[in-house]
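As provided, query-v2.cif (mmCIF, C-alpha atoms) reads as follows.
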```cif
data_work
loop_
_atom_site.label_atom_id
_atom_site.label_comp_id
_atom_site.auth_asym_id
_atom_site.auth_seq_id
_atom_site.Cartn_x
_atom_site.Cartn_y
_atom_site.Cartn_z
CA GLN A 1 0.00 0.00 0.00
CA LEU A 2 1.40 3.37 -1.03
CA GLN A 3 1.51 5.75 1.90
CA LEU A 4 2.99 9.10 2.91
CA VAL A 5 3.26 9.98 6.59
CA GLU A 6 4.12 13.47 7.80
CA SER A 7 5.54 14.25 11.22
CA GLY A 8 7.28 17.06 13.07
CA GLY A 9 4.50 19.59 13.45
CA ASP A 10 4.39 21.46 16.73
CA LEU A 11 3.75 24.75 18.50
CA VAL A 12 6.71 27.11 18.12
CA GLN A 13 7.37 30.76 18.90
CA PRO A 14 7.88 33.31 16.13
CA GLY A 15 11.45 33.19 14.90
CA GLY A 16 11.77 29.53 15.81
CA SER A 17 12.45 26.47 13.67
CA LEU A 18 10.84 23.14 12.90
CA ARG A 19 11.72 20.25 10.64
CA LEU A 20 8.89 18.34 9.02
CA SER A 21 9.36 14.82 7.69
CA CYS A 22 7.49 13.00 4.94
CA ALA A 23 8.19 9.28 4.98
CA ALA A 24 7.11 7.13 2.05
CA SER A 25 6.21 3.46 2.36
CA GLY A 26 5.10 0.93 -0.20
CA PHE A 27 7.11 2.61 -2.96
CA THR A 28 10.44 4.34 -3.49
CA LEU A 29 10.56 8.05 -4.19
CA ASP A 30 12.89 7.75 -7.19
CA TYR A 31 11.33 9.46 -10.23
CA TYR A 32 8.69 11.11 -8.05
CA ALA A 33 8.07 14.78 -7.50
CA ILE A 34 7.26 15.52 -3.86
CA GLY A 35 5.55 18.67 -2.72
CA TRP A 36 4.84 20.32 0.59
CA PHE A 37 1.54 22.15 0.82
CA ARG A 38 -0.21 23.98 3.62
CA GLN A 39 -3.73 25.04 4.42
CA ALA A 40 -4.67 27.59 7.05
CA PRO A 41 -8.23 27.88 8.41
CA GLY A 42 -10.47 29.65 5.92
CA LYS A 43 -7.79 29.72 3.23
CA GLU A 44 -7.06 27.70 0.13
CA ARG A 45 -4.32 25.13 0.09
CA GLU A 46 -1.05 26.56 -1.21
CA GLY A 47 2.17 25.05 -2.44
CA VAL A 48 5.16 25.74 -0.22
CA SER A 49 8.02 23.79 -1.74
CA CYS A 50 8.71 20.78 -3.93
CA ILE A 51 11.56 18.55 -5.00
CA TYR A 52 12.11 16.19 -7.89
CA TYR A 53 13.57 13.28 -5.98
CA SER A 54 16.03 12.07 -8.60
CA GLY A 55 18.34 15.00 -9.11
CA GLY A 56 17.15 17.13 -6.24
CA ILE A 57 15.60 19.89 -8.37
CA THR A 58 13.71 22.19 -5.99
CA ASN A 59 11.18 24.99 -6.06
CA TYR A 60 9.88 27.38 -3.39
CA ALA A 61 6.97 29.74 -2.93
CA ASP A 62 8.07 33.37 -2.68
CA SER A 63 6.63 33.56 0.83
CA VAL A 64 9.12 30.99 2.16
CA LYS A 65 12.22 31.55 0.03
CA GLY A 66 15.28 31.99 2.20
CA ARG A 67 13.50 30.57 5.25
CA PHE A 68 12.47 27.03 4.24
CA THR A 69 14.69 24.30 2.82
CA ILE A 70 13.49 21.07 1.25
CA SER A 71 15.79 18.05 1.18
CA ARG A 72 15.73 14.30 0.77
CA ASP A 73 17.31 11.24 2.38
CA ASN A 74 17.54 8.46 -0.17
CA ALA A 75 18.38 5.81 2.40
CA LYS A 76 15.32 6.65 4.48
CA ASN A 77 12.99 7.30 1.53
CA THR A 78 12.05 10.53 3.25
CA VAL A 79 11.71 14.18 2.32
CA TYR A 80 12.23 16.95 4.86
CA LEU A 81 11.11 20.54 5.13
CA GLN A 82 13.37 22.61 7.35
CA MET A 83 11.49 25.73 8.42
CA ASP A 84 13.45 28.59 9.97
CA SER A 85 12.49 32.12 11.01
CA LEU A 86 8.91 31.01 11.38
CA LYS A 87 6.16 33.62 11.34
CA PRO A 88 2.59 33.49 12.67
CA GLU A 89 1.36 33.44 9.08
CA ASP A 90 3.12 30.09 8.61
CA THR A 91 0.51 28.54 10.90
CA ALA A 92 -1.32 25.82 8.96
CA VAL A 93 -1.74 22.11 8.45
CA TYR A 94 1.17 20.97 6.32
CA TYR A 95 0.75 18.12 3.84
CA CYS A 96 3.20 16.28 1.67
CA ALA A 97 2.19 14.81 -1.66
CA ALA A 98 3.84 12.78 -4.41
CA VAL A 99 3.39 12.13 -8.10
CA ARG A 100 5.43 9.93 -10.41
CA SER A 101 6.93 12.01 -13.16
CA VAL A 102 9.17 11.48 -16.17
CA PHE A 103 9.97 15.19 -16.22
CA ARG A 104 12.80 16.45 -14.07
CA ARG A 105 10.77 19.15 -12.40
CA CYS A 106 8.14 19.64 -9.74
CA SER A 107 5.06 21.81 -9.37
CA LEU A 108 3.72 23.99 -6.57
CA SER A 109 0.22 23.41 -7.90
CA ASP A 110 -1.59 20.62 -6.07
CA SER A 111 -3.47 19.30 -9.10
CA PRO A 112 -0.79 16.92 -10.46
CA TYR A 113 -0.22 15.12 -7.17
CA THR A 114 -1.78 11.70 -6.69
CA TYR A 115 -0.65 10.58 -3.24
CA TRP A 116 -1.23 12.65 -0.11
CA GLY A 117 -0.34 12.36 3.54
CA GLN A 118 -2.68 13.04 6.43
CA GLY A 119 -1.10 16.36 7.43
CA THR A 120 0.72 17.72 10.46
CA GLN A 121 -0.19 20.88 12.38
CA VAL A 122 2.27 23.74 12.62
CA THR A 123 1.35 26.59 14.95
CA VAL A 124 3.53 29.67 15.26
CA SER A 125 2.50 31.75 18.24
CA SER A 126 3.94 33.46 21.29
#
```
The structure given in the file should be rewritten as structure tokens.
Amino acid sequence: QLQLVESGGDLVQPGGSLRLSCAASGFTLDYYAIGWFRQAPGKEREGVSCIYYSGGITNYADSVKGRFTISRDNAKNTVYLQMDSLKPEDTAVYYCAAVRSVFRRCSLSDSPYTYWGQGTQVTVSS
């Protein structure tokens, strides 16, 4: 069974850091694009960052550039989202998603993605 499981969400003060994990099981992430998305209450889901697993090609939303870093661990079949300098507006449920792709790129639009995790809550508040 193909599954993505996110972890690492927590309550953190503004300016703090968190690292989210997205662990894949039932398949290997080679030749998959993996995206991180978030959805705040009353807002639409938005793409935060993505990575094309084979080759490590990455993309970031303007709102998180310079603060968030996406990376992968091939041995653990896991993608990470390191979030630094967190702001209250980063508060949301964060989801990871995956889609198999022959193109060496990834999208911050959620429409191409076929596999989704259950989400992890990130709250930035003092």
Of the candidates A:Cys96, A:Cys50, A:Leu86, A:Val79, which one gets nearest to A:Leu18 if we count only C-alpha atoms?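 Among the listed residues, A:Leu86 lies closest to A:Leu18.
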For stretch 9-16 of chain A, work out the shell of residues within 6 Å, counting all atoms listed in the file and skipping chain neighbours fewer than 5 positions away, then give it as number ranges by chain. A: 85-87, 120-126
With C-alpha atoms retained, could you export that selection as a PDB file, in the coordinates of the input?
```pdb
ATOM      1  CA  SER A  85      12.490  32.120  11.010  1.00  0.00           C
ATOM      2  CA  LEU A  86       8.910  31.010  11.380  1.00  0.00           C
ATOM      3  CA  LYS A  87       6.160  33.620  11.340  1.00  0.00           C
ATOM      4  CA  THR A 120       0.720  17.720  10.460  1.00  0.00           C
ATOM      5  CA  GLN A 121      -0.190  20.880  12.380  1.00  0.00           C
ATOM      6  CA  VAL A 122       2.270  23.740  12.620  1.00  0.00           C
ATOM      7  CA  THR A 123       1.350  26.590  14.950  1.00  0.00           C
ATOM      8  CA  VAL A 124       3.530  29.670  15.260  1.00  0.00           C
ATOM      9  CA  SER A 125       2.500  31.750  18.240  1.00  0.00           C
ATOM     10  CA  SER A 126       3.940  33.460  21.290  1.00  0.00           C
TER      11      SER A 126
END
```
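Each of A:Val64, A:Ala97, A:Ala40, A:Leu108 was compared to A:Ser21 using only C-alpha atoms, and A:Ala97 turns out to be the nearest.
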By how many Å are atom CA of A:Val102 and atom CA of A:Tyr31 apart?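 One can read the atom CA of A:Val102 to atom CA of A:Tyr31 distance as 6.6 Å.
Taking only C-alpha atoms into account, A:Ser111 lies nearest to A:Gly35 out of the set A:Gly55, A:Gly66, A:Pro88, A:Gly35.
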Stretch 93-100 of chain A: axis-aligned bounding box, 5 Å on each side, centre and edge lengths in Å, one decimal, as lines of an AutoDock Vina configuration file:
```
center_x = 1.8
center_y = 16.0
center_z = -1.0
size_x = 17.2
size_y = 22.2
size_z = 28.9
```
At a cut-off of 9 Å, using only C-alpha atoms, what residues contact A:Gly119? Leave out same-chain residues fewer than 4 positions from it and give the result as a PyMOL selection string. chain A and resi 5-7+9+38+93-96
Write the residues of the selection above to a file with C-alpha atoms, as a compact mmCIF listing (two decimals), in the frame of the given file.
```
# COMPACT_ATOMS: atom_id res chain seq x y z
CA VAL A 5 3.26 9.98 6.59
CA GLU A 6 4.12 13.47 7.80
CA SER A 7 5.54 14.25 11.22
CA GLY A 9 4.50 19.59 13.45
CA ARG A 38 -0.21 23.98 3.62
CA VAL A 93 -1.74 22.11 8.45
CA TYR A 94 1.17 20.97 6.32
CA TYR A 95 0.75 18.12 3.84
CA CYS A 96 3.20 16.28 1.67
```
For a cut-off of 6 Å around (4.1, 27.5, -3.1), file coordinates, pick out all residues using only C-alpha atoms and list them as a list in words. Glu46, Gly47, Val48, Ser49, Tyr60, Ala61 and Leu108 of chain A
Counting all atoms listed in the file, find the residues whose atoms lie at most 7 Å from (-0.8, 7.8, -2.0) (file coordinates) and write them out as a list in words.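 Counting all atoms listed in the file, I find these residues within 7 Å of (-0.8, 7.8, -2.0): Leu2, Gln3, Leu4, Thr114, Tyr115 and Trp116 of chain A.
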Find, counting only C-alpha atoms, the residue in A:Asp73, A:Glu89, A:Glu44, A:Asp84 that gets nearest to A:Ser109.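 Comparing A:Asp73, A:Glu89, A:Glu44, A:Asp84 against A:Ser109, the winner is A:Glu44.
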Between A:Thr91, A:Ser63, A:Ser54, A:Gln118, which has the minimum distance to A:Ile34 (counting all atoms listed in the file)?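 Of the candidates, the smallest distance to A:Ile34 is held by A:Ser54.
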Output the residue selection produced by the PyMOL selection byres ((chain A and resi 78) around 9) on the file above, formatted as a PyMOL selection string. chain A and resi 21-24+29+71-77+79-80
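For the pair atom CA of A:Tyr32 and atom CA of A:Asp110, the separation is 14.1 Å.
Atom CA of A:Ile57 to atom CA of A:Leu20 spans 18.7 Å [interatomic distance, one decimal].
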A:Thr58 surroundings by all atoms listed in the file, 8 Å radius, close-in-sequence under 6 positions cut, as a tab-separated table (two decimals) with C-alpha atoms, in the coordinates of the input:
```tsv
chain	number	residue	atom	x	y	z
A	49	SER	CA	8.02	23.79	-1.74
A	50	CYS	CA	8.71	20.78	-3.93
A	51	ILE	CA	11.56	18.55	-5.00
A	52	TYR	CA	12.11	16.19	-7.89
A	70	ILE	CA	13.49	21.07	1.25
A	105	ARG	CA	10.77	19.15	-12.40
A	106	CYS	CA	8.14	19.64	-9.74
```
Is it possible to add all heavy atoms to stretch 105-116 of chain A and hand it back as a PDB file, in the coordinates of the input?
```
ATOM      1  N   ARG A 105      11.227  17.914 -13.001  1.00  0.00           N
ATOM      2  CA  ARG A 105      10.770  19.150 -12.400  1.00  0.00           C
ATOM      3  C   ARG A 105       9.666  18.833 -11.425  1.00  0.00           C
ATOM      4  O   ARG A 105       9.179  17.695 -11.352  1.00  0.00           O
ATOM      5  CB  ARG A 105      10.271  20.130 -13.475  1.00  0.00           C
ATOM      6  CG  ARG A 105       9.094  19.630 -14.303  1.00  0.00           C
ATOM      7  CD  ARG A 105       8.619  20.712 -15.246  1.00  0.00           C
ATOM      8  NE  ARG A 105       7.463  20.293 -16.022  1.00  0.00           N
ATOM      9  CZ  ARG A 105       7.509  19.960 -17.291  1.00  0.00           C
ATOM     10  NH1 ARG A 105       8.677  19.962 -17.925  1.00  0.00           N
ATOM     11  NH2 ARG A 105       6.423  19.619 -17.937  1.00  0.00           N
ATOM     12  N   CYS A 106       9.255  19.843 -10.657  1.00  0.00           N
ATOM     13  CA  CYS A 106       8.140  19.640  -9.740  1.00  0.00           C
ATOM     14  C   CYS A 106       7.270  20.889  -9.751  1.00  0.00           C
ATOM     15  O   CYS A 106       7.715  21.962 -10.160  1.00  0.00           O
ATOM     16  CB  CYS A 106       8.647  19.355  -8.322  1.00  0.00           C
ATOM     17  SG  CYS A 106       9.575  20.706  -7.557  1.00  0.00           S
ATOM     18  N   SER A 107       6.046  20.736  -9.301  1.00  0.00           N
ATOM     19  CA  SER A 107       5.060  21.810  -9.370  1.00  0.00           C
ATOM     20  C   SER A 107       4.589  22.208  -7.993  1.00  0.00           C
ATOM     21  O   SER A 107       4.440  21.361  -7.107  1.00  0.00           O
ATOM     22  CB  SER A 107       3.867  21.353 -10.221  1.00  0.00           C
ATOM     23  OG  SER A 107       2.823  22.305 -10.162  1.00  0.00           O
ATOM     24  N   LEU A 108       4.318  23.500  -7.811  1.00  0.00           N
ATOM     25  CA  LEU A 108       3.720  23.990  -6.570  1.00  0.00           C
ATOM     26  C   LEU A 108       2.197  24.034  -6.658  1.00  0.00           C
ATOM     27  O   LEU A 108       1.541  24.458  -5.716  1.00  0.00           O
ATOM     28  CB  LEU A 108       4.263  25.373  -6.222  1.00  0.00           C
ATOM     29  CG  LEU A 108       5.737  25.415  -5.841  1.00  0.00           C
ATOM     30  CD1 LEU A 108       6.170  26.848  -5.525  1.00  0.00           C
ATOM     31  CD2 LEU A 108       6.021  24.511  -4.655  1.00  0.00           C
ATOM     32  N   SER A 109       1.662  23.601  -7.773  1.00  0.00           N
ATOM     33  CA  SER A 109       0.220  23.410  -7.900  1.00  0.00           C
ATOM     34  C   SER A 109      -0.150  22.036  -7.381  1.00  0.00           C
ATOM     35  O   SER A 109       0.581  21.070  -7.630  1.00  0.00           O
ATOM     36  CB  SER A 109      -0.210  23.542  -9.363  1.00  0.00           C
ATOM     37  OG  SER A 109      -1.551  23.115  -9.535  1.00  0.00           O
ATOM     38  N   ASP A 110      -1.246  21.920  -6.659  1.00  0.00           N
ATOM     39  CA  ASP A 110      -1.590  20.620  -6.070  1.00  0.00           C
ATOM     40  C   ASP A 110      -2.253  19.664  -7.058  1.00  0.00           C
ATOM     41  O   ASP A 110      -2.341  18.463  -6.790  1.00  0.00           O
ATOM     42  CB  ASP A 110      -2.460  20.798  -4.830  1.00  0.00           C
ATOM     43  CG  ASP A 110      -3.779  21.506  -5.116  1.00  0.00           C
ATOM     44  OD1 ASP A 110      -4.063  21.825  -6.296  1.00  0.00           O
ATOM     45  OD2 ASP A 110      -4.533  21.755  -4.155  1.00  0.00           O
ATOM     46  N   SER A 111      -2.675  20.152  -8.212  1.00  0.00           N
ATOM     47  CA  SER A 111      -3.470  19.300  -9.100  1.00  0.00           C
ATOM     48  C   SER A 111      -2.739  18.076  -9.646  1.00  0.00           C
ATOM     49  O   SER A 111      -3.364  17.038  -9.839  1.00  0.00           O
ATOM     50  CB  SER A 111      -4.040  20.133 -10.256  1.00  0.00           C
ATOM     51  OG  SER A 111      -3.021  20.785 -10.951  1.00  0.00           O
ATOM     52  N   PRO A 112      -1.416  18.125  -9.910  1.00  0.00           N
ATOM     53  CA  PRO A 112      -0.790  16.920 -10.460  1.00  0.00           C
ATOM     54  C   PRO A 112      -0.590  15.783  -9.458  1.00  0.00           C
ATOM     55  O   PRO A 112      -0.385  14.645  -9.849  1.00  0.00           O
ATOM     56  CB  PRO A 112       0.571  17.418 -10.942  1.00  0.00           C
ATOM     57  CG  PRO A 112       0.497  18.892 -10.982  1.00  0.00           C
ATOM     58  CD  PRO A 112      -0.479  19.248  -9.917  1.00  0.00           C
ATOM     59  N   TYR A 113      -0.639  16.092  -8.176  1.00  0.00           N
ATOM     60  CA  TYR A 113      -0.220  15.120  -7.170  1.00  0.00           C
ATOM     61  C   TYR A 113      -1.295  14.075  -6.924  1.00  0.00           C
ATOM     62  O   TYR A 113      -2.476  14.394  -6.786  1.00  0.00           O
ATOM     63  CB  TYR A 113       0.173  15.839  -5.888  1.00  0.00           C
ATOM     64  CG  TYR A 113       1.429  16.659  -6.065  1.00  0.00           C
ATOM     65  CD1 TYR A 113       1.380  17.968  -6.541  1.00  0.00           C
ATOM     66  CD2 TYR A 113       2.683  16.123  -5.790  1.00  0.00           C
ATOM     67  CE1 TYR A 113       2.526  18.712  -6.738  1.00  0.00           C
ATOM     68  CE2 TYR A 113       3.835  16.859  -5.970  1.00  0.00           C
ATOM     69  CZ  TYR A 113       3.752  18.149  -6.453  1.00  0.00           C
ATOM     70  OH  TYR A 113       4.903  18.872  -6.647  1.00  0.00           O
ATOM     71  N   THR A 114      -0.843  12.812  -6.807  1.00  0.00           N
ATOM     72  CA  THR A 114      -1.780  11.700  -6.690  1.00  0.00           C
ATOM     73  C   THR A 114      -1.794  11.042  -5.320  1.00  0.00           C
ATOM     74  O   THR A 114      -2.766  10.388  -4.961  1.00  0.00           O
ATOM     75  CB  THR A 114      -1.467  10.637  -7.752  1.00  0.00           C
ATOM     76  OG1 THR A 114      -0.084  10.265  -7.651  1.00  0.00           O
ATOM     77  CG2 THR A 114      -1.738  11.162  -9.148  1.00  0.00           C
ATOM     78  N   TYR A 115      -0.717  11.174  -4.573  1.00  0.00           N
ATOM     79  CA  TYR A 115      -0.650  10.580  -3.240  1.00  0.00           C
ATOM     80  C   TYR A 115      -0.474  11.687  -2.216  1.00  0.00           C
ATOM     81  O   TYR A 115       0.359  12.574  -2.408  1.00  0.00           O
ATOM     82  CB  TYR A 115       0.512   9.583  -3.132  1.00  0.00           C
ATOM     83  CG  TYR A 115       0.449   8.478  -4.140  1.00  0.00           C
ATOM     84  CD1 TYR A 115       1.305   8.461  -5.240  1.00  0.00           C
ATOM     85  CD2 TYR A 115      -0.482   7.448  -4.015  1.00  0.00           C
ATOM     86  CE1 TYR A 115       1.252   7.444  -6.179  1.00  0.00           C
ATOM     87  CE2 TYR A 115      -0.537   6.434  -4.951  1.00  0.00           C
ATOM     88  CZ  TYR A 115       0.316   6.434  -6.023  1.00  0.00           C
ATOM     89  OH  TYR A 115       0.244   5.424  -6.959  1.00  0.00           O
ATOM     90  N   TRP A 116      -1.233  11.609  -1.136  1.00  0.00           N
ATOM     91  CA  TRP A 116      -1.230  12.650  -0.110  1.00  0.00           C
ATOM     92  C   TRP A 116      -1.111  12.038   1.279  1.00  0.00           C
ATOM     93  O   TRP A 116      -1.659  10.953   1.543  1.00  0.00           O
ATOM     94  CB  TRP A 116      -2.519  13.473  -0.175  1.00  0.00           C
ATOM     95  CG  TRP A 116      -2.589  14.362  -1.372  1.00  0.00           C
ATOM     96  CD1 TRP A 116      -2.982  14.003  -2.638  1.00  0.00           C
ATOM     97  CD2 TRP A 116      -2.236  15.740  -1.433  1.00  0.00           C
ATOM     98  NE1 TRP A 116      -2.892  15.095  -3.477  1.00  0.00           N
ATOM     99  CE2 TRP A 116      -2.444  16.174  -2.764  1.00  0.00           C
ATOM    100  CE3 TRP A 116      -1.762  16.659  -0.494  1.00  0.00           C
ATOM    101  CZ2 TRP A 116      -2.186  17.483  -3.185  1.00  0.00           C
ATOM    102  CZ3 TRP A 116      -1.518  17.960  -0.911  1.00  0.00           C
ATOM    103  CH2 TRP A 116      -1.728  18.362  -2.228  1.00  0.00           C
TER     104      TRP A 116
END
```
